[in-house]
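Source file: work-v4.cif (mmCIF, N, CA and C atoms)
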```
data_model
#
loop_
_atom_site.label_atom_id
_atom_site.label_comp_id
_atom_site.auth_asym_id
_atom_site.auth_seq_id
_atom_site.Cartn_x
_atom_site.Cartn_y
_atom_site.Cartn_z
N MET A 1 68.62 138.93 288.26
CA MET A 1 68.18 139.49 286.99
C MET A 1 69.40 139.61 286.08
N SER A 2 69.28 139.17 284.84
CA SER A 2 70.39 139.23 283.90
C SER A 2 70.63 140.66 283.45
N GLU A 3 71.81 140.89 282.90
CA GLU A 3 72.16 142.25 282.42
C GLU A 3 71.20 142.69 281.32
N ASP A 4 70.80 141.76 280.43
CA ASP A 4 69.87 142.12 279.36
C ASP A 4 68.53 142.61 279.92
N LYS A 5 68.03 141.92 280.95
CA LYS A 5 66.76 142.33 281.53
C LYS A 5 66.88 143.68 282.21
N LYS A 6 68.01 143.94 282.88
CA LYS A 6 68.21 145.23 283.52
C LYS A 6 68.19 146.35 282.49
N THR A 7 68.93 146.17 281.37
CA THR A 7 68.98 147.23 280.38
C THR A 7 67.65 147.40 279.67
N LYS A 8 66.93 146.31 279.44
CA LYS A 8 65.61 146.43 278.81
C LYS A 8 64.65 147.13 279.76
N TYR A 9 64.77 146.83 281.04
CA TYR A 9 63.89 147.46 282.03
C TYR A 9 64.09 148.96 282.03
N ARG A 10 65.32 149.40 281.91
CA ARG A 10 65.61 150.84 281.88
C ARG A 10 65.22 151.47 280.55
N GLY A 11 64.99 150.67 279.55
CA GLY A 11 64.66 151.20 278.24
C GLY A 11 65.88 151.51 277.40
N PHE A 12 67.04 151.00 277.82
CA PHE A 12 68.28 151.23 277.08
C PHE A 12 68.56 150.05 276.17
N THR A 13 69.09 150.33 275.00
CA THR A 13 69.67 149.26 274.20
C THR A 13 71.02 148.93 274.83
N PRO A 14 71.62 147.79 274.50
CA PRO A 14 72.95 147.50 275.06
C PRO A 14 73.98 148.60 274.75
N ALA A 15 73.92 149.18 273.57
CA ALA A 15 74.86 150.25 273.22
C ALA A 15 74.60 151.49 274.07
N GLN A 16 73.34 151.80 274.30
CA GLN A 16 73.01 152.96 275.15
C GLN A 16 73.45 152.71 276.58
N ALA A 17 73.26 151.48 277.05
CA ALA A 17 73.67 151.14 278.41
C ALA A 17 75.17 151.30 278.57
N GLU A 18 75.93 150.87 277.57
CA GLU A 18 77.39 151.00 277.62
C GLU A 18 77.80 152.47 277.58
N ALA A 19 77.16 153.27 276.74
CA ALA A 19 77.46 154.71 276.68
C ALA A 19 77.12 155.38 278.01
N HIS A 20 76.00 154.99 278.60
CA HIS A 20 75.59 155.54 279.89
C HIS A 20 76.62 155.19 280.97
N LYS A 21 77.08 153.96 280.96
CA LYS A 21 78.07 153.51 281.95
C LYS A 21 79.37 154.32 281.80
N ARG A 22 79.82 154.55 280.55
CA ARG A 22 81.04 155.34 280.32
C ARG A 22 80.84 156.78 280.80
N TYR A 23 79.67 157.35 280.55
CA TYR A 23 79.36 158.72 280.98
C TYR A 23 79.35 158.82 282.51
N MET A 24 78.71 157.88 283.17
CA MET A 24 78.54 157.94 284.61
C MET A 24 79.83 157.65 285.38
N LYS A 25 80.83 157.05 284.76
CA LYS A 25 82.07 156.74 285.48
C LYS A 25 82.81 158.00 285.90
N ASP A 26 82.49 159.14 285.32
CA ASP A 26 83.14 160.40 285.66
C ASP A 26 82.49 161.09 286.86
N PHE A 27 81.45 160.51 287.41
CA PHE A 27 80.70 161.15 288.48
C PHE A 27 80.76 160.33 289.76
N VAL A 28 80.60 161.02 290.88
CA VAL A 28 80.42 160.36 292.17
C VAL A 28 79.09 160.83 292.71
N GLU A 29 78.54 160.04 293.60
CA GLU A 29 77.25 160.38 294.18
C GLU A 29 77.46 160.78 295.64
N ILE A 30 76.84 161.88 296.01
CA ILE A 30 76.89 162.36 297.39
C ILE A 30 75.46 162.42 297.90
N LYS A 31 75.23 161.85 299.06
CA LYS A 31 73.89 161.89 299.63
C LYS A 31 73.73 163.15 300.46
N VAL A 32 72.57 163.76 300.33
CA VAL A 32 72.22 164.92 301.14
C VAL A 32 70.94 164.56 301.87
N ARG A 33 70.95 164.67 303.17
CA ARG A 33 69.77 164.33 303.95
C ARG A 33 68.98 165.59 304.27
N MET A 34 67.68 165.51 304.02
CA MET A 34 66.77 166.59 304.37
C MET A 34 65.38 166.00 304.54
N LYS A 35 64.54 166.72 305.20
CA LYS A 35 63.15 166.27 305.39
C LYS A 35 62.43 166.32 304.05
N ALA A 36 61.40 165.50 303.93
CA ALA A 36 60.65 165.41 302.68
C ALA A 36 60.07 166.77 302.28
N GLU A 37 59.63 167.55 303.26
CA GLU A 37 59.05 168.87 302.96
C GLU A 37 60.10 169.78 302.33
N LYS A 38 61.32 169.73 302.87
CA LYS A 38 62.41 170.55 302.34
C LYS A 38 62.76 170.11 300.93
N ARG A 39 62.78 168.79 300.71
CA ARG A 39 63.08 168.26 299.38
C ARG A 39 62.07 168.79 298.36
N ALA A 40 60.81 168.78 298.73
CA ALA A 40 59.77 169.28 297.83
C ALA A 40 59.98 170.75 297.52
N ILE A 41 60.38 171.53 298.53
CA ILE A 41 60.64 172.96 298.32
C ILE A 41 61.82 173.15 297.37
N VAL A 42 62.90 172.38 297.57
CA VAL A 42 64.08 172.47 296.71
C VAL A 42 63.71 172.08 295.28
N GLN A 43 62.96 171.00 295.12
CA GLN A 43 62.57 170.56 293.77
C GLN A 43 61.70 171.60 293.08
N GLU A 44 60.76 172.18 293.83
CA GLU A 44 59.88 173.19 293.25
C GLU A 44 60.67 174.43 292.85
N HIS A 45 61.57 174.85 293.72
CA HIS A 45 62.39 176.03 293.41
C HIS A 45 63.24 175.77 292.16
N ALA A 46 63.87 174.60 292.11
CA ALA A 46 64.69 174.26 290.95
C ALA A 46 63.85 174.27 289.68
N ALA A 47 62.67 173.68 289.74
CA ALA A 47 61.79 173.66 288.56
C ALA A 47 61.40 175.07 288.15
N ASN A 48 61.13 175.93 289.13
CA ASN A 48 60.80 177.33 288.82
C ASN A 48 61.97 178.05 288.16
N MET A 49 63.18 177.61 288.46
CA MET A 49 64.38 178.20 287.86
C MET A 49 64.74 177.51 286.55
N GLY A 50 63.96 176.52 286.16
CA GLY A 50 64.19 175.82 284.89
C GLY A 50 65.34 174.82 284.95
N GLU A 51 65.58 174.25 286.12
CA GLU A 51 66.67 173.29 286.25
C GLU A 51 66.25 172.13 287.14
N SER A 52 67.03 171.07 287.09
CA SER A 52 66.77 169.92 287.95
C SER A 52 67.25 170.25 289.36
N ALA A 53 66.81 169.44 290.31
CA ALA A 53 67.27 169.62 291.69
C ALA A 53 68.78 169.44 291.76
N THR A 54 69.32 168.48 291.03
CA THR A 54 70.77 168.26 291.02
C THR A 54 71.50 169.48 290.46
N ALA A 55 71.00 170.03 289.36
CA ALA A 55 71.64 171.21 288.78
C ALA A 55 71.57 172.39 289.74
N PHE A 56 70.43 172.55 290.41
CA PHE A 56 70.28 173.63 291.38
C PHE A 56 71.26 173.47 292.54
N ILE A 57 71.37 172.26 293.08
CA ILE A 57 72.28 172.02 294.19
C ILE A 57 73.72 172.28 293.78
N ASN A 58 74.10 171.82 292.59
CA ASN A 58 75.46 172.08 292.10
C ASN A 58 75.70 173.57 291.91
N ARG A 59 74.71 174.29 291.39
CA ARG A 59 74.85 175.74 291.22
C ARG A 59 74.98 176.42 292.57
N ALA A 60 74.19 176.01 293.55
CA ALA A 60 74.27 176.59 294.89
C ALA A 60 75.65 176.36 295.50
N ILE A 61 76.18 175.17 295.33
CA ILE A 61 77.52 174.87 295.84
C ILE A 61 78.55 175.75 295.16
N ASN A 62 78.50 175.82 293.83
CA ASN A 62 79.48 176.61 293.08
C ASN A 62 79.42 178.09 293.46
N GLU A 63 78.21 178.65 293.53
CA GLU A 63 78.07 180.06 293.88
C GLU A 63 78.54 180.34 295.30
N THR A 64 78.26 179.44 296.22
CA THR A 64 78.71 179.63 297.60
C THR A 64 80.23 179.57 297.68
N MET A 65 80.84 178.63 296.99
CA MET A 65 82.30 178.53 297.01
C MET A 65 82.94 179.75 296.38
N GLU A 66 82.37 180.25 295.27
CA GLU A 66 82.89 181.48 294.65
C GLU A 66 82.80 182.64 295.63
N ARG A 67 81.67 182.79 296.29
CA ARG A 67 81.48 183.87 297.26
C ARG A 67 82.46 183.73 298.42
N ASP A 68 82.59 182.51 298.94
CA ASP A 68 83.51 182.27 300.04
C ASP A 68 84.96 182.59 299.64
N ASN A 69 85.34 182.22 298.43
CA ASN A 69 86.71 182.43 297.98
C ASN A 69 87.01 183.89 297.65
N SER A 70 85.97 184.69 297.44
CA SER A 70 86.20 186.11 297.11
C SER A 70 86.33 186.95 298.38
N GLN A 71 86.02 186.38 299.52
CA GLN A 71 86.15 187.09 300.79
C GLN A 71 87.52 186.83 301.38
N PRO A 72 88.05 187.83 302.10
CA PRO A 72 89.35 187.58 302.74
C PRO A 72 89.24 186.46 303.77
N SER A 73 90.29 185.68 303.87
CA SER A 73 90.31 184.60 304.85
C SER A 73 90.33 185.19 306.25
N PRO A 74 89.61 184.60 307.16
CA PRO A 74 89.64 185.12 308.53
C PRO A 74 91.03 184.91 309.14
N SER A 75 91.45 185.86 309.94
CA SER A 75 92.73 185.75 310.63
C SER A 75 92.62 184.67 311.70
N PRO A 76 93.69 183.90 311.89
CA PRO A 76 93.61 182.88 312.94
C PRO A 76 93.46 183.54 314.30
N SER A 77 92.69 182.93 315.11
CA SER A 77 92.45 183.44 316.47
C SER A 77 93.72 183.25 317.31
N PRO A 78 94.16 184.29 318.04
CA PRO A 78 95.41 184.16 318.81
C PRO A 78 95.37 183.04 319.85
N ASP A 79 94.22 182.74 320.38
CA ASP A 79 94.15 181.70 321.40
C ASP A 79 94.16 180.29 320.83
N LYS A 80 94.17 180.15 319.51
CA LYS A 80 94.17 178.82 318.91
C LYS A 80 95.56 178.37 318.51
N GLU A 81 96.57 179.15 318.76
CA GLU A 81 97.93 178.77 318.39
C GLU A 81 98.65 178.11 319.52
#
```

Show me this structure written as structure tokens.
Amino acid sequence: MSEDKKTKYRGFTPAQAEAHKRYMKDFVEIKVRMKAEKRAIVQEHAANMGESATAFINRAINETMERDNSQPSPSPSPDKE
């Protein structure tokens, strides 16, 4: 399939496709595996919160990291040295 057909299929003009490509170069994709039922629950919860599943997952990661970083680090176990 030619590049023109790909961009037309997506509904992008060539200029929009180029802008999209420049925007997306700042991101990486991470796969998360879960059962279909869990995915549906996550999507429904995100929608109920007024956000996409991606936005919800990013928020969950950020909030967990903030919480983890606000707690004192565990002391190393003496038997692990």

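The space between atom C of Lys31 in chain A and CA of Asn62 in chain A spans 16.4 Å.
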
Discussion item. Just the number, please: distance in Å from CA of Asp68 in chain A to CA of Ala36 in chain A, one decimal.
Written reply: 28.5 Å

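If you look at atom C of Ile57 in chain A and atom N of Lys25 in chain A, they are 19.1 Å away from each other.
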
Item to complete: Identify, with DSSP run on backbone atoms, the residues in chain A assigned to alpha helix (DSSP H), and express the list as number ranges by chain.
Response: A: 3-10, 14-24, 36-48, 53-70

Provide an axis-aligned box for all listed atoms of range 35-45 of chain A, padding each side by 3 Å; report its centre and its edge lengths in Å to one decimal, as AutoDock Vina command-line options.
```
--center_x 61.8 --center_y 170.7 --center_z 298.8 --size_x 11.5 --size_y 16.6 --size_z 19.2
```
